[in-house]
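A.B. asks: To be precise about what I am sending: the file is called my_file-v2.txt and holds compact mmCIF, C-alpha atoms and all ligand atoms.
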```txt
# COMPACT_ATOMS: atom_id res chain seq x y z
CA MET J 1 -43.76 -192.85 62.84
CA SER J 2 -47.30 -192.24 61.57
CA GLN J 3 -47.41 -195.87 60.44
CA LEU J 4 -47.68 -196.82 64.10
CA TYR J 5 -51.24 -195.52 64.09
CA VAL J 6 -52.36 -197.37 60.98
CA SER J 7 -53.90 -200.76 61.58
CA ALA J 8 -54.63 -202.45 58.24
CA GLU J 9 -57.32 -204.75 59.62
CA HIS J 10 -59.25 -201.92 61.32
CA VAL J 11 -59.92 -199.72 58.33
CA LEU J 12 -63.67 -199.04 58.05
CA GLN J 13 -63.51 -196.18 55.58
CA GLY J 14 -62.60 -198.59 52.79
CA GLY J 15 -66.23 -199.72 52.88
CA TYR J 16 -68.11 -196.48 52.33
CA HIS J 17 -66.06 -194.07 50.21
CA HIS J 18 -68.61 -194.11 47.35
CA ALA J 19 -72.31 -193.19 47.39
CA THR J 20 -73.30 -196.60 46.02
CA LEU J 21 -71.30 -198.36 48.73
CA ARG J 22 -72.92 -196.17 51.35
CA ARG J 23 -76.34 -197.39 50.21
CA LEU J 24 -75.16 -200.99 50.75
CA GLN J 25 -74.16 -200.08 54.29
CA GLU J 26 -77.71 -198.94 55.10
CA PRO J 27 -79.88 -202.01 54.48
CA ASN J 28 -83.68 -201.73 54.89
CA THR J 29 -83.64 -197.97 55.31
CA THR J 30 -84.87 -196.83 51.91
CA ILE J 31 -87.90 -194.56 51.87
CA GLU J 32 -90.39 -195.52 49.19
CA PRO J 33 -93.98 -194.30 48.84
CA HIS J 34 -95.41 -197.37 50.62
CA ASN J 35 -93.25 -196.52 53.65
CA ILE J 36 -95.16 -193.25 54.14
CA MET J 37 -98.72 -192.54 55.36
CA TYR J 38 -100.17 -189.01 55.25
CA PRO J 39 -102.41 -187.78 58.11
CA VAL J 40 -105.23 -185.50 56.90
CA PHE J 41 -107.67 -183.32 58.85
CA LEU J 42 -111.20 -183.41 57.49
CA LEU J 43 -113.63 -180.58 58.28
CA GLU J 44 -117.39 -180.74 58.57
CA ASP J 45 -117.83 -177.90 56.03
CA ASP J 46 -117.23 -179.59 52.66
CA ASN J 47 -115.90 -176.44 50.97
CA ALA J 48 -113.63 -175.17 53.73
CA LYS J 49 -109.86 -174.87 53.75
CA GLN J 50 -108.16 -173.61 56.90
CA GLU J 51 -104.51 -173.08 57.77
CA VAL J 52 -103.12 -174.74 60.90
CA ALA J 53 -101.31 -171.93 62.68
CA SER J 54 -98.93 -174.15 64.66
CA MET J 55 -97.99 -176.37 61.70
CA PRO J 56 -96.54 -174.62 58.63
CA ASN J 57 -97.95 -175.95 55.31
CA VAL J 58 -100.59 -178.08 57.03
CA TYR J 59 -104.26 -177.40 56.26
CA ARG J 60 -107.63 -178.67 57.37
CA TYR J 61 -109.89 -179.39 54.42
CA GLY J 62 -113.51 -180.06 53.67
CA ILE J 63 -113.92 -183.03 51.34
CA ASN J 64 -114.41 -180.91 48.20
CA GLU J 65 -111.06 -179.22 48.84
CA LEU J 66 -109.31 -182.38 49.98
CA ILE J 67 -110.03 -184.56 46.95
CA PRO J 68 -108.11 -182.46 44.38
CA VAL J 69 -105.17 -182.15 46.79
CA LEU J 70 -105.08 -185.92 47.20
CA LYS J 71 -105.42 -186.53 43.46
CA ASP J 72 -102.34 -184.44 42.93
CA LEU J 73 -100.42 -186.32 45.63
CA VAL J 74 -101.52 -189.73 44.33
CA ALA J 75 -100.08 -188.70 40.96
CA LYS J 76 -96.82 -188.06 42.82
CA GLY J 77 -96.91 -191.51 44.44
CA LEU J 78 -99.00 -191.16 47.61
CA LYS J 79 -100.21 -194.61 48.72
CA SER J 80 -102.08 -194.14 51.99
CA ILE J 81 -103.73 -191.57 54.25
CA LEU J 82 -104.87 -191.48 57.87
CA ILE J 83 -108.09 -189.48 58.28
CA PHE J 84 -109.00 -187.36 61.32
CA GLY J 85 -112.50 -185.88 61.49
CA ILE J 86 -113.19 -182.48 63.03
CA ILE J 87 -116.61 -181.12 63.99
CA GLU J 88 -117.24 -177.41 64.45
CA THR J 89 -121.01 -176.94 64.42
CA LEU J 90 -122.24 -180.43 65.31
CA PRO J 91 -122.59 -180.72 69.11
CA LYS J 92 -120.15 -182.61 71.33
CA ASP J 93 -121.68 -184.75 74.09
CA PRO J 94 -120.46 -187.17 76.79
CA THR J 95 -120.61 -190.24 74.51
CA GLY J 96 -119.26 -188.63 71.34
CA SER J 97 -122.48 -189.24 69.40
CA HIS J 98 -121.17 -187.53 66.28
CA ALA J 99 -118.09 -189.77 66.02
CA ASP J 100 -120.17 -192.14 63.92
CA SER J 101 -123.37 -190.26 63.07
CA ALA J 102 -124.54 -189.90 59.48
CA GLN J 103 -123.39 -186.24 59.61
CA ASN J 104 -119.85 -187.15 60.67
CA PRO J 105 -117.42 -185.80 58.05
CA VAL J 106 -115.40 -189.04 57.91
CA ILE J 107 -118.49 -191.22 57.45
CA ARG J 108 -119.71 -188.92 54.67
CA ALA J 109 -116.31 -188.67 52.94
CA LEU J 110 -115.31 -192.34 52.85
CA PRO J 111 -117.56 -193.45 49.96
CA ARG J 112 -116.44 -190.47 47.87
CA LEU J 113 -112.77 -191.10 48.60
CA ARG J 114 -113.15 -194.77 47.69
CA ALA J 115 -114.87 -193.84 44.42
CA GLU J 116 -112.66 -190.94 43.38
CA LEU J 117 -109.30 -192.29 44.58
CA PRO J 118 -109.61 -196.04 44.10
CA SER J 119 -105.89 -196.78 44.50
CA LEU J 120 -105.44 -194.82 47.73
CA LEU J 121 -105.40 -196.89 50.94
CA LEU J 122 -107.74 -195.27 53.47
CA ALA J 123 -107.02 -195.51 57.19
CA CYS J 124 -109.24 -193.84 59.79
CA ASP J 125 -108.17 -192.74 63.22
CA VAL J 126 -110.71 -194.04 65.72
CA CYS J 127 -111.13 -191.99 68.87
CA LEU J 128 -113.79 -190.16 70.85
CA CYS J 129 -111.84 -187.05 71.93
CA PRO J 130 -112.76 -184.90 68.89
CA TYR J 131 -116.44 -185.61 69.62
CA THR J 132 -116.82 -185.74 73.41
CA SER J 133 -117.88 -182.73 75.47
CA HIS J 134 -115.25 -183.61 78.12
CA GLY J 135 -112.53 -184.10 75.50
CA HIS J 136 -111.36 -187.47 76.79
CA CYS J 137 -110.65 -190.41 74.48
CA GLY J 138 -113.03 -192.74 76.34
CA LEU J 139 -116.30 -192.47 78.23
CA LEU J 140 -116.32 -191.39 81.87
CA THR J 141 -118.06 -192.67 85.00
CA ASP J 142 -119.97 -190.26 87.22
CA SER J 143 -116.82 -189.76 89.28
CA GLY J 144 -114.83 -188.79 86.17
CA ALA J 145 -112.76 -191.97 85.81
CA ILE J 146 -112.55 -193.90 82.54
CA ASP J 147 -115.51 -196.27 82.22
CA HIS J 148 -113.61 -199.21 80.76
CA ALA J 149 -116.40 -201.45 79.47
CA ALA J 150 -118.51 -198.59 78.11
CA SER J 151 -115.50 -197.01 76.40
CA VAL J 152 -114.48 -200.22 74.64
CA LYS J 153 -118.02 -200.84 73.46
CA ARG J 154 -118.31 -197.31 72.07
CA ILE J 155 -114.88 -197.37 70.37
CA ALA J 156 -115.77 -200.66 68.68
CA GLU J 157 -119.05 -199.15 67.43
CA VAL J 158 -117.20 -196.20 65.91
CA ALA J 159 -114.54 -198.42 64.30
CA LEU J 160 -117.27 -200.61 62.83
CA ALA J 161 -119.10 -197.58 61.42
CA TYR J 162 -115.93 -196.40 59.65
CA ALA J 163 -115.31 -199.91 58.31
CA LEU J 164 -118.86 -200.14 56.98
CA ALA J 165 -118.51 -196.70 55.38
CA GLY J 166 -115.41 -197.81 53.45
CA ALA J 167 -112.32 -197.53 55.67
CA GLN J 168 -109.67 -200.12 54.76
CA ILE J 169 -107.73 -199.69 57.99
CA VAL J 170 -109.16 -198.70 61.37
CA ALA J 171 -106.62 -197.26 63.78
CA PRO J 172 -107.80 -196.81 67.37
CA SER J 173 -105.77 -194.12 69.16
CA ASP J 174 -107.92 -193.98 72.29
CA MET J 175 -105.72 -196.35 74.33
CA MET J 176 -108.56 -198.10 76.14
CA ASP J 177 -107.52 -201.60 77.26
CA ASN J 178 -109.04 -204.44 75.21
CA ARG J 179 -110.34 -202.34 72.36
CA ILE J 180 -108.42 -204.38 69.81
CA LYS J 181 -110.32 -207.55 70.69
CA ALA J 182 -113.64 -205.69 70.68
CA ILE J 183 -112.97 -204.10 67.28
CA LYS J 184 -111.77 -207.38 65.75
CA GLU J 185 -114.91 -209.13 66.97
CA ALA J 186 -117.06 -206.32 65.59
CA LEU J 187 -115.36 -206.72 62.18
CA VAL J 188 -115.89 -210.48 62.30
CA SER J 189 -119.58 -209.96 63.10
CA VAL J 190 -120.07 -208.25 59.72
CA LYS J 191 -117.55 -210.46 57.84
CA LEU J 192 -115.12 -207.58 57.30
CA GLN J 193 -112.13 -209.00 59.18
CA ASN J 194 -110.42 -209.96 55.91
CA GLN J 195 -111.14 -206.63 54.23
CA VAL J 196 -110.34 -204.16 56.98
CA SER J 197 -107.04 -204.09 58.86
CA LEU J 198 -106.58 -203.18 62.49
CA LEU J 199 -103.67 -200.82 63.12
CA SER J 200 -103.21 -200.48 66.85
CA TYR J 201 -101.66 -197.40 68.39
CA SER J 202 -100.16 -200.05 70.66
CA CYS J 203 -97.31 -198.06 72.21
CA LYS J 204 -98.67 -194.54 72.52
CA PHE J 205 -97.09 -192.40 75.18
CA ALA J 206 -98.54 -189.50 77.21
CA SER J 207 -96.33 -187.04 75.36
CA SER J 208 -95.95 -183.28 75.43
CA MET J 209 -95.47 -183.41 71.65
CA TYR J 210 -99.16 -183.57 70.69
CA GLY J 211 -99.76 -179.86 71.33
CA PRO J 212 -100.15 -178.60 67.74
CA PHE J 213 -102.45 -181.55 66.93
CA ARG J 214 -104.73 -180.87 69.89
CA ASP J 215 -105.03 -177.22 68.84
CA THR J 216 -105.89 -178.32 65.32
CA MET J 217 -108.44 -180.88 66.43
CA LYS J 218 -109.78 -178.82 69.34
CA SER J 219 -109.50 -182.11 71.23
CA SER J 220 -107.76 -181.21 74.49
CA PRO J 221 -109.38 -182.65 77.62
CA MET J 222 -111.55 -180.06 79.40
CA SER J 223 -110.09 -181.20 82.70
CA GLY J 224 -107.34 -183.59 83.73
CA ASP J 225 -104.89 -185.21 81.33
CA ARG J 226 -104.43 -188.53 79.52
CA LYS J 227 -101.85 -190.07 81.86
CA CYS J 228 -104.24 -192.79 83.03
CA TYR J 229 -104.57 -194.27 79.54
CA GLN J 230 -101.53 -193.17 77.51
CA LEU J 231 -98.23 -194.74 78.60
CA PRO J 232 -95.71 -193.02 80.90
CA PRO J 233 -92.75 -191.86 78.73
CA GLY J 234 -90.21 -193.96 80.66
CA ALA J 235 -92.25 -197.17 80.68
CA ALA J 236 -90.56 -199.54 78.22
CA ALA J 237 -91.96 -202.58 80.02
CA LEU J 238 -95.56 -201.36 79.76
CA ALA J 239 -94.95 -200.72 76.05
CA ALA J 240 -93.83 -204.34 75.64
CA ARG J 241 -96.88 -205.62 77.51
CA ALA J 242 -99.21 -203.40 75.48
CA ALA J 243 -97.72 -204.65 72.19
CA ALA J 244 -98.03 -208.28 73.34
CA ARG J 245 -101.61 -207.74 74.46
CA ASP J 246 -102.62 -206.10 71.18
CA VAL J 247 -100.98 -208.84 69.10
CA ALA J 248 -102.84 -211.44 71.16
CA GLU J 249 -106.11 -209.55 70.63
CA GLY J 250 -105.70 -209.53 66.85
CA ALA J 251 -103.86 -206.35 65.81
CA ASP J 252 -102.57 -206.57 62.23
CA PHE J 253 -100.06 -203.75 62.66
CA LEU J 254 -98.43 -202.07 65.65
CA MET J 255 -97.42 -198.46 66.23
CA VAL J 256 -95.01 -196.45 68.33
CA LYS J 257 -95.96 -192.80 68.94
CA PRO J 258 -94.25 -190.30 69.08
CA GLY J 259 -91.26 -191.40 66.99
CA LEU J 260 -87.95 -189.69 67.49
CA PRO J 261 -87.56 -189.78 71.29
CA TYR J 262 -88.91 -193.35 71.32
CA LEU J 263 -86.69 -195.16 68.80
CA ASP J 264 -85.56 -197.57 71.53
CA ILE J 265 -89.22 -198.61 71.85
CA VAL J 266 -89.37 -199.01 68.06
CA ARG J 267 -86.41 -201.40 68.13
CA GLN J 268 -87.80 -203.22 71.16
CA THR J 269 -91.19 -203.67 69.49
CA LYS J 270 -89.69 -204.80 66.16
CA ASP J 271 -87.50 -207.35 67.95
CA GLN J 272 -90.48 -208.52 70.00
CA PHE J 273 -92.78 -208.86 66.95
CA PRO J 274 -90.62 -209.09 63.82
CA ASN J 275 -93.55 -210.53 61.85
CA HIS J 276 -95.88 -207.57 62.37
CA PRO J 277 -95.44 -204.46 60.23
CA LEU J 278 -94.54 -201.59 62.55
CA PHE J 279 -95.66 -197.98 62.17
CA ILE J 280 -94.22 -194.83 63.68
CA TYR J 281 -96.34 -191.72 64.12
CA GLN J 282 -94.06 -188.74 63.65
CA VAL J 283 -96.34 -186.43 65.65
CA SER J 284 -97.27 -182.78 65.32
CA GLY J 285 -94.64 -181.59 67.82
CA GLU J 286 -91.93 -183.43 65.88
CA TYR J 287 -93.23 -181.85 62.69
CA ALA J 288 -93.17 -178.38 64.25
CA MET J 289 -89.61 -178.86 65.51
CA ILE J 290 -88.19 -180.07 62.21
CA SER J 291 -90.17 -177.48 60.19
CA ARG J 292 -88.62 -174.68 62.16
CA SER J 293 -85.09 -176.04 62.01
CA GLY J 294 -83.85 -173.80 59.20
CA GLU J 295 -84.05 -173.07 55.48
CA SER J 296 -86.05 -175.48 53.34
CA GLU J 297 -82.97 -177.36 52.20
CA ASP J 298 -81.90 -177.92 55.81
CA VAL J 299 -85.39 -179.13 56.65
CA SER J 300 -85.31 -181.67 53.79
CA THR J 301 -81.89 -182.97 54.80
CA MET J 302 -82.84 -183.26 58.44
CA LEU J 303 -86.12 -184.94 57.57
CA MET J 304 -84.43 -187.59 55.42
CA GLU J 305 -81.92 -188.31 58.20
CA VAL J 306 -84.71 -188.71 60.75
CA LEU J 307 -86.78 -190.97 58.46
CA THR J 308 -83.73 -193.11 57.67
CA CYS J 309 -83.05 -193.53 61.39
CA MET J 310 -86.68 -194.46 61.98
CA ARG J 311 -86.38 -197.18 59.32
CA ARG J 312 -83.08 -198.35 60.86
CA ALA J 313 -84.77 -198.61 64.28
CA GLY J 314 -87.36 -200.96 62.78
CA ALA J 315 -90.22 -198.91 61.38
CA ASP J 316 -91.86 -200.21 58.20
CA CYS J 317 -94.15 -197.23 57.69
CA ILE J 318 -93.94 -193.67 59.00
CA ILE J 319 -97.06 -191.57 59.43
CA THR J 320 -95.88 -188.04 58.68
CA TYR J 321 -97.26 -184.58 57.91
CA PHE J 322 -94.17 -184.25 55.70
CA ALA J 323 -95.56 -186.81 53.22
CA PRO J 324 -95.91 -184.27 50.34
CA LEU J 325 -92.32 -183.13 50.86
CA VAL J 326 -91.06 -186.72 51.08
CA LEU J 327 -92.82 -187.64 47.83
CA SER J 328 -91.31 -184.70 46.00
CA MET J 329 -87.86 -185.56 47.38
CA ILE J 330 -88.19 -189.21 46.36
CA SER J 331 -89.21 -188.31 42.81
CA ALA J 332 -86.40 -185.73 42.52
CA ASN J 333 -83.88 -188.48 43.41
CA LYS J 334 -85.00 -190.84 40.67
C1 LIG G 401 -106.10 -188.45 69.86
C2 LIG G 401 -104.86 -188.38 69.03
C3 LIG G 401 -103.75 -187.57 69.30
C4 LIG G 401 -102.86 -187.75 68.24
C5 LIG G 401 -103.43 -188.67 67.36
N1 LIG G 401 -104.66 -189.07 67.88
C6 LIG G 401 -103.53 -186.63 70.41
C7 LIG G 401 -103.62 -187.16 71.79
O1 LIG G 401 -103.62 -188.37 72.03
O2 LIG G 401 -103.69 -186.34 72.68
C8 LIG G 401 -101.56 -187.04 68.11
C9 LIG G 401 -101.12 -186.72 66.74
C10 LIG G 401 -100.10 -185.64 66.63
O3 LIG G 401 -99.68 -185.01 67.62
O4 LIG G 401 -99.67 -185.42 65.50
N2 LIG G 401 -106.58 -189.70 70.15
ZN ZN G 402 -108.34 -189.35 71.56
```
Let me see whether you can do it: turn the structure in this file into structure tokens.
Ligand code: PBG
Ligand code: ZN
C.D. replies:
Amino acid sequence: MSQLYVSAEHVLQGGYHHATLRRLQEPNTTIEPHNIMYPVFLLEDDNAKQEVASMPNVYRYGINELIPVLKDLVAKGLKSILIFGIIETLPKDPTGSHADSAQNPVIRALPRLRAELPSLLLACDVCLCPYTSHGHCGLLTDSGAIDHAASVKRIAEVALAYALAGAQIVAPSDMMDNRIKAIKEALVSVKLQNQVSLLSYSCKFASSMYGPFRDTMKSSPMSGDRKCYQLPPGAAALAARAAARDVAEGADFLMVKPGLPYLDIVRQTKDQFPNHPLFIYQVSGEYAMISRSGESEDVSTMLMEVLTCMRRAGADCIITYFAPLVLSMISANK
């Protein structure tokens, strides 16, 4: 009788009973070092090292502490980092003057990183929120709304300063409309458009999952929220329009942020722009959730599943605080 339930032409298990066959069934989902970018927090005090309470195993470093850590990771395969500057004693003001001042930790660190880690690809987050007194990502009008033109001009200035200091990728996370065009034109004006890439946080949502990051960066808005410039979580159509706009304005790479709850947007964006490398930012809240999911072996297994699914959804590169763990897992598998 049991034969009744066997249908010879509908057997799938014949195709994945062996580990090697299973790899064939998962095309374009391998995780290699170039598929990973490591976000790093850079302090103003060159010799400081501080724990991040809400993110286990994540630290904020001054440049003298950061360089040896990165040298070690480069030896393990690290290919690229995304740098976030933090100021603690320099003053914050309404225009974020210290985002690109000579005392800014990112501006000061870039030449040293280029010299001491010549193979490491250096991306810089470009935003005003770590440097503005009001904590918003753009500049404000007297009534407290986003001042569009002034914000775009300021963001482009900051991006240009990072490019001139040695950044190889500038990645604006501020979400001001038209900043991609302004930054590209700024790069062209100094003949850097073919030496500095523009990674747009094109599809960045107003998420509740940035909490640990905002604590780390001390970059929460003093009043209000970011819902008037980051995308509403349900707005797939706005995400498509934002990606199209940023491609038209000259973005080299696109991004979806956060990752895991937004994998439909990742697939949508990859299908919309198959010829543009696509990044996912696995954000601080995602990191905190996975970190606390169990014993270290469970964390590693869950992480690899999540990263594989991100690749399957269409991501080419994943920005992740787990980069050191991923590198050690990749080398252990060889
Ligand atoms: C700020 C910025 C944020 C993140 C990257 N750049 C926070 C925000 O937009 O509020 C989030 C990163 C993370 O949560 O890991 N422009
Ligand atoms: Zn910001």
A.B. asks: Restrict the calculation to all atoms listed in the file, then for each residue of region 123-150 of chain J with any atom at most 10 Å from an atom of region 177-198 of chain J give the closest atom pair and their distance in Å to one decimal, rows by chain and rising residue number, as CSV.
C.D. replies:
```
residue,atom,partner,partner_atom,distance
J:Ala123,CA,J:Ser197,CA,8.7
J:His148,CA,J:Asp177,CA,7.4
J:Ala149,CA,J:Asn178,CA,9.0
```
A.B. asks: Calculated over all atoms listed in the file, which of the candidates J:Pro118, J:Gly234, J:Pro212, J:Gly250 has the smallest distance to Ala288 (chain J)?
C.D. replies: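 When distances to Ala288 (chain J) are compared using all atoms listed in the file, the smallest one comes from J:Pro212.
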A.B. asks: Smallest atom-to-atom distance to ligand ZN 402 (chain G): which of J:Leu128, J:Ala115, J:Ala53, J:Cys309, using all atoms listed in the file?
C.D. replies: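 Using all atoms listed in the file, the shortest distance to ligand ZN 402 (chain G) belongs to J:Leu128.
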A.B. asks: Atom O2 of ligand LIG 401 (chain G) to CA of Ile81 (chain J): how many Å, to one decimal?
C.D. replies: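 Value for the atom O2 of ligand LIG 401 (chain G)-CA of Ile81 (chain J) distance: 19.2 Å.
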A.B. asks: Hey, can you check how far atom C5 of ligand LIG 401 (chain G) sits from CA of Pro68 (chain J)?
C.D. replies: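 Going from atom C5 of ligand LIG 401 (chain G) over to CA of Pro68 (chain J) covers 24.3 Å.
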A.B. asks: Could you list, as number ranges by chain, all residues that come within 6 Å of ligand ZN 402 (chain G)? Count all atoms listed in the file.
C.D. replies: J: 127-129, 137, 173-174
A.B. asks: Give me, as a ChimeraX atom specification, all polymer residues having an atom no more than 10 Å from region 14-29 of chain J, counting only C-alpha atoms and skipping those fewer than 5 positions away in the same chain.
C.D. replies: /J:35,307-316
A.B. asks: For ligand LIG 401 (chain G), which of J:Lys49, J:Arg154, J:His136, J:Arg241 is the closest residue, counting all atoms listed in the file?
C.D. replies: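 Nearest to ligand LIG 401 (chain G): J:His136.
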